[in-house]
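Undergrad: Provided herewith: work_35.cif, mmCIF, C-alpha atoms.
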data_upload
#
loop_
_atom_site.group_PDB
_atom_site.id
_atom_site.type_symbol
_atom_site.label_atom_id
_atom_site.label_comp_id
_atom_site.auth_asym_id
_atom_site.auth_seq_id
_atom_site.Cartn_x
_atom_site.Cartn_y
_atom_site.Cartn_z
ATOM 1 C CA MET A 7 2.589 3.809 23.081
ATOM 2 C CA ILE A 8 2.287 2.406 19.560
ATOM 3 C CA ASN A 9 3.756 4.653 16.865
ATOM 4 C CA GLY A 10 3.573 3.829 13.179
ATOM 5 C CA VAL A 11 1.211 3.255 10.285
ATOM 6 C CA VAL A 12 -1.034 0.359 9.300
ATOM 7 C CA LEU A 13 -1.642 0.057 5.566
ATOM 8 C CA LEU A 14 -5.267 -0.979 5.777
ATOM 9 C CA ASP A 15 -7.108 -2.489 2.838
ATOM 10 C CA LYS A 16 -10.505 -1.033 3.723
ATOM 11 C CA PRO A 17 -13.554 -3.198 3.040
ATOM 12 C CA PRO A 18 -16.676 -1.831 1.319
ATOM 13 C CA GLY A 19 -19.609 -0.588 3.372
ATOM 14 C CA LEU A 20 -17.499 0.927 6.142
ATOM 15 C CA SER A 21 -16.699 4.590 6.708
ATOM 16 C CA SER A 22 -13.040 5.576 6.997
ATOM 17 C CA ASN A 23 -13.528 6.729 10.592
ATOM 18 C CA SER A 24 -15.143 3.422 11.576
ATOM 19 C CA ALA A 25 -12.249 1.539 10.000
ATOM 20 C CA VAL A 26 -9.719 3.659 11.907
ATOM 21 C CA GLN A 27 -11.504 3.053 15.208
ATOM 22 C CA ARG A 28 -11.461 -0.713 14.628
ATOM 23 C CA VAL A 29 -7.716 -0.698 13.954
ATOM 24 C CA LYS A 30 -7.193 1.464 17.034
ATOM 25 C CA ARG A 31 -9.103 -0.999 19.248
ATOM 26 C CA LEU A 32 -7.423 -4.082 17.790
ATOM 27 C CA LEU A 33 -3.971 -2.659 18.530
ATOM 28 C CA GLY A 34 -4.850 -0.927 21.784
ATOM 29 C CA ALA A 35 -3.472 2.346 20.448
ATOM 30 C CA LYS A 36 -4.113 5.602 22.305
ATOM 31 C CA LYS A 37 -4.303 7.811 19.224
ATOM 32 C CA ALA A 38 -5.214 7.089 15.610
ATOM 33 C CA GLY A 39 -6.166 8.913 12.432
ATOM 34 C CA HIS A 40 -6.083 8.591 8.659
ATOM 35 C CA THR A 41 -4.559 10.502 5.757
ATOM 36 C CA GLY A 42 -7.664 11.154 3.676
ATOM 37 C CA SER A 43 -11.030 9.420 3.721
ATOM 38 C CA LEU A 44 -12.469 6.853 1.341
ATOM 39 C CA ASP A 45 -16.168 6.682 0.461
ATOM 40 C CA PRO A 46 -18.001 3.865 2.268
ATOM 41 C CA ILE A 47 -18.502 1.992 -1.031
ATOM 42 C CA ALA A 48 -14.767 2.176 -1.787
ATOM 43 C CA THR A 49 -12.139 -0.403 -0.928
ATOM 44 C CA GLY A 50 -8.395 -0.157 -0.863
ATOM 45 C CA LEU A 51 -5.574 1.723 0.752
ATOM 46 C CA LEU A 52 -6.378 3.654 3.907
ATOM 47 C CA PRO A 53 -3.176 4.477 5.815
ATOM 48 C CA VAL A 54 -4.045 4.448 9.528
ATOM 49 C CA CYS A 55 -1.630 6.554 11.578
ATOM 50 C CA LEU A 56 -1.000 5.557 15.180
ATOM 51 C CA GLY A 57 0.477 7.549 18.052
ATOM 52 C CA GLU A 58 3.095 10.080 17.012
ATOM 53 C CA ALA A 59 2.636 9.106 13.359
ATOM 54 C CA THR A 60 -0.636 11.085 13.358
ATOM 55 C CA LYS A 61 1.574 14.190 13.199
ATOM 56 C CA LEU A 62 2.712 13.071 9.738
ATOM 57 C CA ALA A 63 -0.780 12.698 8.269
ATOM 58 C CA ALA A 64 -0.754 16.219 6.829
ATOM 59 C CA PHE A 65 2.202 15.316 4.610
ATOM 60 C CA LEU A 66 0.083 12.667 2.838
ATOM 61 C CA LEU A 67 -3.119 14.700 2.567
ATOM 62 C CA ASP A 68 -1.585 16.710 -0.279
ATOM 63 C CA ASP A 69 -0.160 13.678 -2.101
ATOM 64 C CA ASP A 70 -1.465 12.228 -5.360
ATOM 65 C CA LYS A 71 -3.735 9.183 -5.290
ATOM 66 C CA ARG A 72 -4.294 6.186 -7.575
ATOM 67 C CA TYR A 73 -7.659 4.529 -8.131
ATOM 68 C CA GLU A 74 -9.254 1.723 -10.089
ATOM 69 C CA THR A 75 -12.930 2.229 -10.874
ATOM 70 C CA ARG A 76 -15.800 0.770 -12.846
ATOM 71 C CA VAL A 77 -18.073 3.418 -14.360
ATOM 72 C CA ARG A 78 -21.578 2.136 -15.048
ATOM 73 C CA LEU A 79 -22.988 4.007 -18.032
ATOM 74 C CA GLY A 80 -26.567 4.980 -18.814
ATOM 75 C CA ILE A 81 -27.634 5.594 -15.209
ATOM 76 C CA THR A 82 -27.247 8.896 -13.364
ATOM 77 C CA THR A 83 -27.575 8.865 -9.554
ATOM 78 C CA ALA A 84 -27.896 11.598 -6.941
ATOM 79 C CA SER A 85 -24.548 10.742 -5.327
ATOM 80 C CA ALA A 86 -22.802 9.731 -8.585
ATOM 81 C CA ASP A 87 -22.232 6.269 -7.138
ATOM 82 C CA ILE A 88 -24.141 3.008 -6.916
ATOM 83 C CA GLU A 89 -25.722 3.886 -3.548
ATOM 84 C CA GLY A 90 -27.459 7.034 -4.763
ATOM 85 C CA GLU A 91 -31.063 7.445 -5.868
ATOM 86 C CA VAL A 92 -31.458 6.904 -9.610
ATOM 87 C CA LEU A 93 -32.222 10.232 -11.272
ATOM 88 C CA GLU A 94 -32.198 9.293 -14.946
ATOM 89 C CA THR A 95 -31.616 6.386 -17.289
ATOM 90 C CA ARG A 96 -30.481 6.799 -20.885
ATOM 91 C CA ASP A 97 -29.433 4.591 -23.756
ATOM 92 C CA VAL A 98 -25.722 3.970 -24.008
ATOM 93 C CA PRO A 99 -24.269 4.602 -27.466
ATOM 94 C CA GLU A 100 -22.349 1.856 -29.185
ATOM 95 C CA LEU A 101 -18.839 2.016 -27.787
ATOM 96 C CA ASN A 102 -15.466 1.396 -29.328
ATOM 97 C CA GLU A 103 -11.964 2.100 -28.076
ATOM 98 C CA GLU A 104 -11.461 5.090 -30.386
ATOM 99 C CA LYS A 105 -14.630 6.809 -29.160
ATOM 100 C CA ILE A 106 -13.820 6.131 -25.508
ATOM 101 C CA GLU A 107 -10.229 7.354 -25.817
ATOM 102 C CA ALA A 108 -11.418 10.573 -27.485
ATOM 103 C CA VAL A 109 -13.590 11.281 -24.432
ATOM 104 C CA LEU A 110 -10.967 10.279 -21.869
ATOM 105 C CA ALA A 111 -8.482 12.652 -23.502
ATOM 106 C CA GLN A 112 -10.716 15.553 -22.430
ATOM 107 C CA PHE A 113 -10.136 14.658 -18.781
ATOM 108 C CA ARG A 114 -6.360 14.266 -18.754
ATOM 109 C CA GLY A 115 -4.042 16.977 -17.468
ATOM 110 C CA ALA A 116 -5.211 20.135 -15.704
ATOM 111 C CA ILE A 117 -9.007 20.254 -15.565
ATOM 112 C CA SER A 118 -11.768 21.949 -13.595
ATOM 113 C CA GLN A 119 -14.153 19.830 -11.541
ATOM 114 C CA ILE A 120 -17.314 20.679 -9.610
ATOM 115 C CA PRO A 121 -17.403 18.759 -6.296
ATOM 116 C CA PRO A 122 -20.460 16.515 -5.791
ATOM 117 C CA MET A 123 -23.204 17.483 -3.357
ATOM 118 C CA TYR A 124 -22.564 14.235 -1.529
ATOM 119 C CA SER A 125 -19.186 15.317 -0.147
ATOM 120 C CA ALA A 126 -17.749 16.488 3.166
ATOM 121 C CA LEU A 127 -17.112 20.012 1.910
ATOM 122 C CA LYS A 128 -18.903 22.750 3.831
ATOM 123 C CA HIS A 129 -21.376 25.433 2.770
ATOM 124 C CA GLN A 130 -22.108 28.075 5.396
ATOM 125 C CA GLY A 131 -20.963 25.722 8.135
ATOM 126 C CA GLN A 132 -22.905 22.662 6.949
ATOM 127 C CA ARG A 133 -21.532 19.582 5.228
ATOM 128 C CA LEU A 134 -22.739 19.315 1.663
ATOM 129 C CA TYR A 135 -23.897 15.726 2.169
ATOM 130 C CA GLU A 136 -26.110 16.891 5.053
ATOM 131 C CA LEU A 137 -27.794 19.389 2.730
ATOM 132 C CA ALA A 138 -28.048 16.796 -0.050
ATOM 133 C CA ARG A 139 -29.871 14.388 2.256
ATOM 134 C CA LYS A 140 -32.444 17.124 2.868
ATOM 135 C CA GLY A 141 -32.921 17.563 -0.861
ATOM 136 C CA VAL A 142 -31.082 20.895 -0.895
ATOM 137 C CA GLU A 143 -28.620 21.648 -3.678
ATOM 138 C CA VAL A 144 -26.285 24.645 -3.541
ATOM 139 C CA GLU A 145 -23.869 26.106 -6.046
ATOM 140 C CA ARG A 146 -20.341 24.727 -5.727
ATOM 141 C CA ALA A 147 -17.284 26.528 -7.014
ATOM 142 C CA PRO A 148 -15.229 24.573 -9.561
ATOM 143 C CA ARG A 149 -11.877 23.294 -8.324
ATOM 144 C CA ASN A 150 -8.688 22.977 -10.329
ATOM 145 C CA ILE A 151 -7.282 19.451 -10.248
ATOM 146 C CA ARG A 152 -4.877 17.413 -12.348
ATOM 147 C CA ILE A 153 -5.401 13.957 -13.797
ATOM 148 C CA HIS A 154 -1.866 12.687 -14.390
ATOM 149 C CA GLU A 155 -3.046 9.433 -15.978
ATOM 150 C CA LEU A 156 -6.439 8.145 -17.029
ATOM 151 C CA LEU A 157 -6.152 4.683 -18.523
ATOM 152 C CA LEU A 158 -8.788 2.473 -20.095
ATOM 153 C CA ARG A 159 -8.391 -1.030 -18.643
ATOM 154 C CA GLY A 160 -11.482 -2.561 -20.234
ATOM 155 C CA TYR A 161 -15.034 -1.877 -21.335
ATOM 156 C CA GLY A 162 -18.342 -3.488 -22.185
ATOM 157 C CA ALA A 163 -21.664 -2.451 -23.635
ATOM 158 C CA ASP A 164 -22.509 -0.280 -20.619
ATOM 159 C CA TYR A 165 -19.378 0.087 -18.487
ATOM 160 C CA LEU A 166 -15.794 1.338 -18.469
ATOM 161 C CA ASP A 167 -12.959 0.030 -16.294
ATOM 162 C CA LEU A 168 -10.543 2.884 -15.629
ATOM 163 C CA GLU A 169 -7.344 3.543 -13.720
ATOM 164 C CA ALA A 170 -6.681 7.103 -12.554
ATOM 165 C CA HIS A 171 -3.622 8.817 -11.099
ATOM 166 C CA CYS A 172 -4.811 12.178 -9.820
ATOM 167 C CA SER A 173 -4.023 15.146 -7.625
ATOM 168 C CA LYS A 174 -5.497 15.790 -4.195
ATOM 169 C CA GLY A 175 -9.079 17.016 -4.173
ATOM 170 C CA THR A 176 -10.144 14.848 -7.120
ATOM 171 C CA TYR A 177 -13.575 13.248 -6.836
ATOM 172 C CA ILE A 178 -13.689 10.037 -8.842
ATOM 173 C CA ARG A 179 -17.500 10.117 -8.604
ATOM 174 C CA SER A 180 -17.563 13.497 -10.336
ATOM 175 C CA LEU A 181 -15.067 12.248 -12.906
ATOM 176 C CA ALA A 182 -17.266 9.237 -13.647
ATOM 177 C CA ALA A 183 -20.392 11.388 -13.978
ATOM 178 C CA ASP A 184 -18.605 13.857 -16.269
ATOM 179 C CA ILE A 185 -17.230 11.079 -18.486
ATOM 180 C CA GLY A 186 -20.726 9.619 -18.746
ATOM 181 C CA GLU A 187 -22.116 13.005 -19.796
ATOM 182 C CA ALA A 188 -19.359 13.414 -22.375
ATOM 183 C CA LEU A 189 -20.432 10.063 -23.840
ATOM 184 C CA GLY A 190 -24.015 11.328 -23.939
ATOM 185 C CA CYS A 191 -25.522 8.797 -21.553
ATOM 186 C CA GLY A 192 -24.526 9.696 -18.004
ATOM 187 C CA GLY A 193 -22.866 7.364 -15.551
ATOM 188 C CA HIS A 194 -21.907 6.638 -11.976
ATOM 189 C CA VAL A 195 -19.250 4.830 -9.962
ATOM 190 C CA GLU A 196 -20.140 1.189 -9.460
ATOM 191 C CA LEU A 197 -16.817 0.021 -8.001
ATOM 192 C CA LEU A 198 -13.952 2.064 -6.563
ATOM 193 C CA ARG A 199 -10.617 0.921 -5.188
ATOM 194 C CA ARG A 200 -7.705 3.092 -4.054
ATOM 195 C CA THR A 201 -4.360 1.491 -4.794
ATOM 196 C CA ALA A 202 -1.886 4.188 -3.731
ATOM 197 C CA VAL A 203 -1.535 7.303 -1.583
ATOM 198 C CA GLY A 204 1.620 9.168 -2.520
ATOM 199 C CA ALA A 205 4.434 6.612 -2.370
ATOM 200 C CA LEU A 206 2.389 4.191 -0.229
ATOM 201 C CA THR A 207 0.835 1.271 -2.097
ATOM 202 C CA LEU A 208 -1.241 -1.817 -1.380
ATOM 203 C CA GLN A 209 1.778 -3.908 -2.388
ATOM 204 C CA GLN A 210 3.794 -2.679 0.617
ATOM 205 C CA GLY A 211 2.063 -5.039 3.021
ATOM 206 C CA ALA A 212 -1.545 -3.857 3.188
ATOM 207 C CA VAL A 213 -3.718 -5.871 5.565
ATOM 208 C CA SER A 214 -7.479 -6.331 5.846
ATOM 209 C CA LEU A 215 -9.553 -5.957 9.000
ATOM 210 C CA ASP A 216 -10.374 -9.667 8.826
ATOM 211 C CA GLN A 217 -6.669 -10.518 8.810
ATOM 212 C CA MET A 218 -6.064 -8.257 11.793
ATOM 213 C CA GLN A 219 -8.979 -9.748 13.713
ATOM 214 C CA ARG A 220 -7.761 -13.308 13.096
ATOM 215 C CA CYS A 221 -4.291 -12.477 14.408
ATOM 216 C CA PRO A 222 -3.495 -13.272 18.048
ATOM 217 C CA ASP A 223 -3.031 -10.086 20.065
ATOM 218 C CA ASP A 224 0.746 -10.494 20.243
ATOM 219 C CA ALA A 225 0.996 -11.011 16.457
ATOM 220 C CA ARG A 226 -0.552 -7.666 15.475
ATOM 221 C CA LEU A 227 2.403 -5.402 16.255
ATOM 222 C CA PRO A 228 4.337 -6.601 13.172
ATOM 223 C CA LEU A 229 1.466 -5.215 11.075
ATOM 224 C CA VAL A 230 2.520 -1.711 12.134
ATOM 225 C CA HIS A 231 5.033 -0.158 9.759
ATOM 226 C CA PRO A 232 7.592 2.417 10.936
ATOM 227 C CA SER A 233 6.373 6.017 10.837
ATOM 228 C CA GLU A 234 9.125 6.843 8.358
ATOM 229 C CA LEU A 235 7.244 4.913 5.676
ATOM 230 C CA MET A 236 4.723 7.769 5.481
ATOM 231 C CA VAL A 237 7.407 10.221 4.379
ATOM 232 C CA GLN A 238 9.687 7.793 2.578
ATOM 233 C CA GLY A 239 10.232 10.120 -0.361
ATOM 234 C CA LEU A 240 11.724 12.942 1.719
ATOM 235 C CA ILE A 241 15.418 13.476 2.473
ATOM 236 C CA PHE A 242 17.000 12.837 5.868
ATOM 237 C CA LEU A 243 18.860 15.554 7.696
ATOM 238 C CA GLU A 244 20.964 14.609 10.724
ATOM 239 C CA VAL A 245 21.399 16.930 13.713
ATOM 240 C CA ASP A 246 23.470 16.637 16.883
ATOM 241 C CA GLY A 247 22.103 16.362 20.393
ATOM 242 C CA GLU A 248 22.255 20.087 21.152
ATOM 243 C CA GLN A 249 20.448 20.976 17.937
ATOM 244 C CA ALA A 250 17.836 18.311 18.650
ATOM 245 C CA VAL A 251 17.074 19.867 22.043
ATOM 246 C CA ARG A 252 16.704 23.338 20.559
ATOM 247 C CA LEU A 253 14.430 22.073 17.792
ATOM 248 C CA SER A 254 12.270 20.281 20.375
ATOM 249 C CA ARG A 255 11.717 23.677 22.027
ATOM 250 C CA GLY A 256 10.503 25.165 18.758
ATOM 251 C CA GLN A 257 13.729 27.032 18.073
ATOM 252 C CA THR A 258 15.426 27.425 14.690
ATOM 253 C CA VAL A 259 18.942 26.049 14.295
ATOM 254 C CA ILE A 260 21.486 26.731 11.568
ATOM 255 C CA VAL A 261 22.595 23.560 9.810
ATOM 256 C CA SER A 262 23.568 24.623 6.290
ATOM 257 C CA SER A 263 23.970 27.578 3.948
ATOM 258 C CA ASP A 264 23.379 25.493 0.808
ATOM 259 C CA THR A 265 20.429 27.215 -0.892
ATOM 260 C CA ASP A 266 19.883 24.219 -3.203
ATOM 261 C CA ARG A 267 18.680 22.124 -0.282
ATOM 262 C CA GLU A 268 15.550 24.006 0.732
ATOM 263 C CA GLY A 269 12.410 22.091 1.682
ATOM 264 C CA ILE A 270 10.874 19.712 4.192
ATOM 265 C CA ARG A 271 13.259 17.233 5.813
ATOM 266 C CA LYS A 272 13.032 14.184 8.051
ATOM 267 C CA VAL A 273 15.200 15.036 11.054
ATOM 268 C CA VAL A 274 17.198 12.296 12.762
ATOM 269 C CA CYS A 275 19.693 12.147 15.588
ATOM 270 C CA GLY A 276 21.575 8.876 15.613
ATOM 271 C CA ASP A 277 18.976 6.099 15.369
ATOM 272 C CA ALA A 278 16.089 8.345 16.434
ATOM 273 C CA PHE A 279 13.534 9.895 14.054
ATOM 274 C CA LEU A 280 12.672 13.204 15.732
ATOM 275 C CA GLY A 281 10.149 14.806 13.393
ATOM 276 C CA MET A 282 9.801 17.055 10.379
ATOM 277 C CA ALA A 283 11.433 20.421 9.800
ATOM 278 C CA GLU A 284 11.782 22.918 6.980
ATOM 279 C CA LEU A 285 15.224 23.864 5.713
ATOM 280 C CA LYS A 286 15.387 27.510 4.637
ATOM 281 C CA ALA A 287 17.642 29.110 2.030
ATOM 282 C CA ASP A 288 19.803 30.681 4.744
ATOM 283 C CA GLY A 289 20.493 27.311 6.373
ATOM 284 C CA GLY A 290 17.918 27.731 9.121
ATOM 285 C CA LEU A 291 16.080 24.570 10.135
ATOM 286 C CA VAL A 292 12.563 25.272 11.440
ATOM 287 C CA PRO A 293 10.582 22.510 13.241
ATOM 288 C CA ARG A 294 7.197 21.819 11.614
ATOM 289 C CA ARG A 295 5.938 18.525 13.106
ATOM 290 C CA TRP A 296 7.890 17.392 16.140
ATOM 291 C CA PHE A 297 7.374 14.143 18.012
ATOM 292 C CA SER A 298 6.771 14.236 21.761
ATOM 293 C CA VAL A 299 9.112 11.268 22.048
ATOM 294 C CA PRO A 300 11.800 10.190 19.552
ATOM 295 C CA ILE A 301 10.803 7.226 17.373
ATOM 296 C CA SER A 302 13.280 4.455 16.741
ATOM 297 C CA ARG A 303 14.322 4.151 13.115
ATOM 298 C CA VAL A 304 14.516 0.345 13.382
ATOM 299 C CA SER A 305 11.283 -0.566 15.176
ATOM 300 C CA PRO A 306 8.402 -1.389 15.259
ATOM 301 C CA VAL A 307 8.872 -4.235 12.841
ATOM 302 C CA ALA A 308 7.554 -3.771 9.296
ATOM 303 C CA MET A 309 6.062 -6.576 7.248
#
Please go through the file and, once you have read it, give me the structure as C-alpha cells.
TA:
Amino acid sequence: MINGVVLLDKPPGLSSNSAVQRVKRLLGAKKAGHTGSLDPIATGLLPVCLGEATKLAAFLLDDDKRYETRVRLGITTASADIEGEVLETRDVPELNEEKIEAVLAQFRGAISQIPPMYSALKHQGQRLYELARKGVEVERAPRNIRIHELLLRGYGADYLDLEAHCSKGTYIRSLAADIGEALGCGGHVELLRRTAVGALTLQQGAVSLDQMQRCPDDARLPLVHPSELMVQGLIFLEVDGEQAVRLSRGQTVIVSSDTDREGIRKVVCGDAFLGMAELKADGGLVPRRWFSVPISRVSPVAM
C-alpha cells in the first residue's frame, strides 16, 4: 500500500481525473484522488493523494489557491477560456498601468462572482457544462468569494498577465471575463497555471508526468511525499496507545481542558501519524479522518 501525496505539475490538455489515473498506474497505487480539479487547459499544481492520504483531501479542498494567468482582451468566448466558441470581438482601449490598476482594484477583497456555465456545478441534477454543450443556459446564483491578492505582472496592447491569490470556489475564467468587461472590451483566459494549494507549492518538489514516466519503476517511490505534507500547517497532538485504540473505534477521548487549543489536530502516537481529530473546548478529542493503518512519520521518502 502506497500512502502519500505526489505534487504533480499537470500538463495542458489533460483532465484532472485523467492525470490522477496516470499517476495511480505509474505507481501501482490501489487508491488515488485529488484535492480540487484544474481545467484541462490549465497547468500547474495538482496534489494527487494516494492510499490513506485520500482521507486528507477534504482538508485542502477549502484552502486558498494561487494562480498565474494571461487574460486575452477583446475576445469573449462561451467558456471564458481559449477553447470556447468566440461569441464577440471588440476593440481594446488603449491601456496604461493606472487604468488597469483602477479596474483590478474592483476585484480585490470580498466580491460576488457568478460561476460560468462551463463548470462542474449542478442544476437540477445535471452538470452545468453538460447543459452548456447543449446550448442551454440557466440562471446561476452569485457566490461570495475573496481575492486576497490580484497583482499585475505585465501587459500588452491586448493582454494582461495577472497573479491571483484567492479563496476556494473562485473561477479564474469568470474573473478574467469580468475584468475584460470592466475594461469595456471583454476577455478570456488564454493561459492558466496553478502555483499553490494551501501551503503546498510547485517549489516543494513538483514533478511532471513525463518525469515520472522516464523514471525506472523502483525510482518512483521517492516522488511520493509523506501524507503529513498535506496538513503541514496544522498542530500535532500526541496520544498514548490506549487513547489511540479508543479513537480508532470512533470514541472521544479527553486529552486537555485548555479552551484556547480548540480545532483540528494531526494525531500522532510515537512515530505513527494516526489521522485527524477535532479538539473541543472541554478537552474532548473527536476523530474526524482516521487512517485504517498508521502511517510512518518518517517514510515514504520525500524529495
Undergrad: Choose the residue, out of A:Ile270, A:Met7, A:Ala64, A:Val261, that has the smallest atom-to-atom separation from A:Gly290; count all atoms listed in the file.
TA: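 Among the listed residues, the smallest separation from A:Gly290 belongs to A:Val261.
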Undergrad: Using only C-alpha atoms, can you tell me which of A:Pro232, A:Gly192, A:Gly269, A:Gly90 comes closest to A:Val54?
TA: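 For A:Val54, the nearest of the candidates is A:Pro232.
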Undergrad: Using the chain letters and numbering of this document, enumerate as a list in words the residues selected by the PyMOL selection byres ((chain A and resi 121) around 8).
TA: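 The output of the PyMOL selection byres ((chain A and resi 121) around 8) on this file is Gln119, Ile120, Pro122, Met123, Ser125, Arg146, Ala147, Pro148, Arg149, Tyr177 and Ser180 of chain A.
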Undergrad: Those same residues, written as a PDB file, keeping the file's coordinate frame with C-alpha atoms?
TA:
ATOM      1  CA  GLN A 119     -14.153  19.830 -11.541  1.00  0.00           C
ATOM      2  CA  ILE A 120     -17.314  20.679  -9.610  1.00  0.00           C
ATOM      3  CA  PRO A 122     -20.460  16.515  -5.791  1.00  0.00           C
ATOM      4  CA  MET A 123     -23.204  17.483  -3.357  1.00  0.00           C
ATOM      5  CA  SER A 125     -19.186  15.317  -0.147  1.00  0.00           C
ATOM      6  CA  ARG A 146     -20.341  24.727  -5.727  1.00  0.00           C
ATOM      7  CA  ALA A 147     -17.284  26.528  -7.014  1.00  0.00           C
ATOM      8  CA  PRO A 148     -15.229  24.573  -9.561  1.00  0.00           C
ATOM      9  CA  ARG A 149     -11.877  23.294  -8.324  1.00  0.00           C
ATOM     10  CA  TYR A 177     -13.575  13.248  -6.836  1.00  0.00           C
ATOM     11  CA  SER A 180     -17.563  13.497 -10.336  1.00  0.00           C
TER      12      SER A 180
END
Undergrad: Between A:Lys37, A:Arg78, A:Lys105, A:Lys61, which is the closest to A:Leu189 once you count all atoms listed in the file?
TA: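 Of the candidates, the smallest distance to A:Leu189 is held by A:Lys105.
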Undergrad: Closest to A:Asp97 among A:Arg76, A:Arg159, A:Gln132, A:Cys191, using all atoms listed in the file?
TA: A:Cys191
Undergrad: When you look at A:Ile153 with a cut-off of 9 Å (counting only C-alpha atoms), what residues show up, excluding the ones that are within fewer than 6 positions of it in the same chain? I need them as a ChimeraX atom specification.
TA: /A:113-117,170-173,176
Undergrad: Exactly which residues make up the result of the PyMOL selection byres ((chain A and resi 23) around 12) on this file, given as a list in words?
TA: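 On this input, the PyMOL selection byres ((chain A and resi 23) around 12) captures Lys16, Gly19, Leu20, Ser21, Ser22, Ser24, Ala25, Val26, Gln27, Arg28, Val29, Lys30, Ala38, Gly39, His40, Thr41, Gly42, Ser43, Leu44, Asp45, Pro46, Leu52, Pro53, Val54 and Cys55 of chain A.
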Undergrad: Return as a PyMOL selection string the set of residues that the PyMOL selection byres ((chain A and resi 186) around 10) yields on the displayed structure.
TA: chain A and resi 77-82+98+109+165-166+180-185+187-194
Undergrad: What separation in Å, quoted to one decimal, exists between atom CA of A:Arg72 and atom CA of A:Ala202?
TA: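 Taking atom CA of A:Arg72 as the start and atom CA of A:Ala202 as the end point, the length is 5.0 Å.
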Undergrad: Given the choices A:Asp167, A:Ile178, A:Pro18, A:Val11, which gets closest to A:Ser85 if the distance is worked out from only C-alpha atoms?
TA: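 So, comparing all the options, the nearest one is A:Ile178.
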Undergrad: Which residue, A:Val12, A:Leu291, A:Val195, A:Leu127, has the smallest gap to A:Ala86 when you use all atoms listed in the file?
TA: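 For A:Ala86, the nearest of the given residues is A:Val195.
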Undergrad: Would you compute the distance between atom CA of A:Glu136 and atom CA of A:Ala84? Give it in Å to one decimal.
TA: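 It comes out at 13.2 Å.
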Undergrad: Grab stretch 244-249 of chain A from that structure and dump all heavy atoms to a file, as a tab-separated table (two decimals), in the first residue's frame.
TA:
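File produced: decode-v3.tsv:
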chain	number	residue	atom	x	y	z
A	244	GLU	N	-0.22	14.60	20.52
A	244	GLU	CA	0.23	13.24	20.78
A	244	GLU	C	-0.70	12.55	21.78
A	244	GLU	O	-1.11	13.14	22.78
A	244	GLU	CB	1.66	13.23	21.30
A	244	GLU	CG	2.24	11.83	21.40
A	244	GLU	CD	3.75	11.82	21.33
A	244	GLU	OE1	4.36	12.91	21.28
A	244	GLU	OE2	4.32	10.71	21.33
A	245	VAL	N	-1.04	11.30	21.48
A	245	VAL	CA	-1.87	10.48	22.37
A	245	VAL	C	-1.09	9.22	22.73
A	245	VAL	O	-0.13	8.84	22.06
A	245	VAL	CB	-3.21	10.11	21.70
A	245	VAL	CG1	-4.03	11.37	21.40
A	245	VAL	CG2	-3.00	9.29	20.43
A	246	ASP	N	-1.55	8.55	23.81
A	246	ASP	CA	-0.91	7.29	24.19
A	246	ASP	C	-1.61	6.12	23.49
A	246	ASP	O	-2.61	6.31	22.77
A	246	ASP	CB	-0.90	7.10	25.71
A	246	ASP	CG	-2.31	7.10	26.33
A	246	ASP	OD1	-3.25	6.62	25.66
A	246	ASP	OD2	-2.46	7.56	27.47
A	247	GLY	N	-1.09	4.94	23.69
A	247	GLY	CA	-1.61	3.77	23.00
A	247	GLY	C	-3.08	3.49	23.28
A	247	GLY	O	-3.85	3.16	22.37
A	248	GLU	N	-3.48	3.63	24.54
A	248	GLU	CA	-4.88	3.37	24.91
A	248	GLU	C	-5.81	4.38	24.24
A	248	GLU	O	-6.88	4.02	23.73
A	248	GLU	CB	-5.04	3.42	26.43
A	248	GLU	CG	-6.46	3.13	26.89
A	248	GLU	CD	-6.60	3.20	28.41
A	248	GLU	OE1	-5.57	3.21	29.12
A	248	GLU	OE2	-7.76	3.27	28.88
A	249	GLN	N	-5.41	5.64	24.25
A	249	GLN	CA	-6.23	6.66	23.60
A	249	GLN	C	-6.31	6.42	22.09
A	249	GLN	O	-7.37	6.61	21.48
A	249	GLN	CB	-5.63	8.05	23.88
A	249	GLN	CG	-5.77	8.50	25.33
A	249	GLN	CD	-4.97	9.77	25.60
A	249	GLN	OE1	-3.87	9.95	25.07
A	249	GLN	NE2	-5.52	10.64	26.44
